[in-house]
Every structure is written in C-alpha cells, then in structure tokens.
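Peer 1: Take a look at the following structure, please.
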Amino acid sequence: MLSAIPAVLAPDVWVSIGLISIAMAGYTGALAVTLSFPSDVFPRNLVGTIWGLASMGAGFGGMVFTLITGWVVDHYSYTPMFVGFGILPLISASIIWFLLGPLVRQVPPVRRA
C-alpha cells in the first residue's frame, strides 16, 4: 500500500494509475487478512462481539474520514490523503503487534479413547 505515496508524484497518469492499482491490491489483501483476524485471535464465544464492535467502529470511522477527506482535499490537495493511505496501514499493524504481543498457538488437549 506504500505505492500510493509516489502515485501522486508520478509524472505520467498511467504510472499513477498503475501505482494506485498496486496499492488497492495491497489493500484488498490486507482486508482479507483483517477479516479473518478476530477468529484467529479471540475465543469462539467472543468472535461475534468483536465483529460487531469492529463493524461499528468501521462505520463511524467511515463517516468521520469521509468528512476529513473532503476538508483536506478542499484546503490542500489529494497528496496528504495518498500519503496517509500509504502510512496508516503501517501504523495500524504496529499498534496491533504492540497490543497483542507474541501470539502463542494453543494446542487443544489430546482425547484418549
């Protein structure tokens, strides 16, 4: 997704479109990982609650960032938005790694017949 940053500085429109396409492909891959994340990290009885909270946060975040994007583009340009689009996934991954710490695989107990 970092390819979004040089997309606004590209001298040719086709290079910019290519870089944006690469960034969007990265976003799609990250979204697929993010969608399976709660079921990998939280116990089964909490996955629905986590999904509900995450969906609510995504809805409110979408509303707020739509307003912020419009204001930034009106007052500055698209450049800060593309830079943010490139940097925010790194920040969010760092926050997740910091909050979760090392993940330890829990092996279910062996049933003996």
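Naming works like this for the structure tokens: A, B, ... for the chains as they're shown, residue 1 at the start of each chain, ligands 1 onward in shown order.
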Show me, as a PDB file with C-alpha atoms, in the first residue's frame, the residues that have an atom within 10 Å of segment 11-24 of chain A when counting only C-alpha atoms, minus same-chain residues fewer than 3 positions from it.
Peer 2:
ATOM      1  CA  MET A   1       0.000   0.000   0.000  1.00  0.00           C
ATOM      2  CA  LEU A   2       3.037   2.238   0.201  1.00  0.00           C
ATOM      3  CA  SER A   3       2.871   2.615  -3.573  1.00  0.00           C
ATOM      4  CA  ALA A   4       0.052   5.126  -3.040  1.00  0.00           C
ATOM      5  CA  ILE A   5       2.575   7.710  -1.862  1.00  0.00           C
ATOM      6  CA  PRO A   6       4.558   8.041  -5.101  1.00  0.00           C
ATOM      7  CA  ALA A   7       1.313   7.791  -7.115  1.00  0.00           C
ATOM      8  CA  VAL A   8       0.530  11.472  -6.507  1.00  0.00           C
ATOM      9  CA  TYR A  27      -5.447  -3.038   0.481  1.00  0.00           C
ATOM     10  CA  THR A  28      -7.590  -5.946  -0.718  1.00  0.00           C
ATOM     11  CA  GLY A  29      -5.050  -8.459   0.574  1.00  0.00           C
ATOM     12  CA  ALA A  30      -4.805  -6.679   3.910  1.00  0.00           C
ATOM     13  CA  PHE A  82      -2.478   9.416  -0.530  1.00  0.00           C
ATOM     14  CA  PHE A  85      -3.300   5.941   2.764  1.00  0.00           C
ATOM     15  CA  GLY A  86       0.247   4.660   2.398  1.00  0.00           C
TER      16      GLY A  86
END
Peer 1: Hey, which bits of segment 30-86 of chain A sit within 12 Å of segment 94-106 of chain A, and for each residue what's the closest pair of atoms and how far apart in Å (one decimal), counting only C-alpha atoms, rows by chain and increasing number, as JSON lines?
Peer 2:
{"residue": "A:Thr34", "atom": "CA", "partner": "A:Ile96", "partner_atom": "CA", "distance": 10.9}
{"residue": "A:Phe37", "atom": "CA", "partner": "A:Ile96", "partner_atom": "CA", "distance": 10.7}
{"residue": "A:Pro38", "atom": "CA", "partner": "A:Ile96", "partner_atom": "CA", "distance": 11.8}
{"residue": "A:Asp40", "atom": "CA", "partner": "A:Arg105", "partner_atom": "CA", "distance": 9.8}
{"residue": "A:Val41", "atom": "CA", "partner": "A:Leu103", "partner_atom": "CA", "distance": 8.2}
{"residue": "A:Phe42", "atom": "CA", "partner": "A:Leu100", "partner_atom": "CA", "distance": 10.9}
{"residue": "A:Pro43", "atom": "CA", "partner": "A:Gln106", "partner_atom": "CA", "distance": 11.1}
Peer 1: Based on the selection just made, write C-alpha atoms of those residues as an mmCIF file, in the first residue's frame.
Peer 2:
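Heads up, here's the output in result_7.cif:
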data_model
loop_
_atom_site.group_PDB
_atom_site.id
_atom_site.type_symbol
_atom_site.label_atom_id
_atom_site.label_comp_id
_atom_site.auth_asym_id
_atom_site.auth_seq_id
_atom_site.Cartn_x
_atom_site.Cartn_y
_atom_site.Cartn_z
ATOM 1 C CA THR A 34 -8.105 -8.392 8.698
ATOM 2 C CA PHE A 37 -8.118 -11.809 12.283
ATOM 3 C CA PRO A 38 -10.773 -11.961 15.084
ATOM 4 C CA ASP A 40 -7.621 -16.315 14.827
ATOM 5 C CA VAL A 41 -7.011 -14.265 17.959
ATOM 6 C CA PHE A 42 -10.146 -14.323 20.122
ATOM 7 C CA PRO A 43 -12.042 -17.245 21.661
#
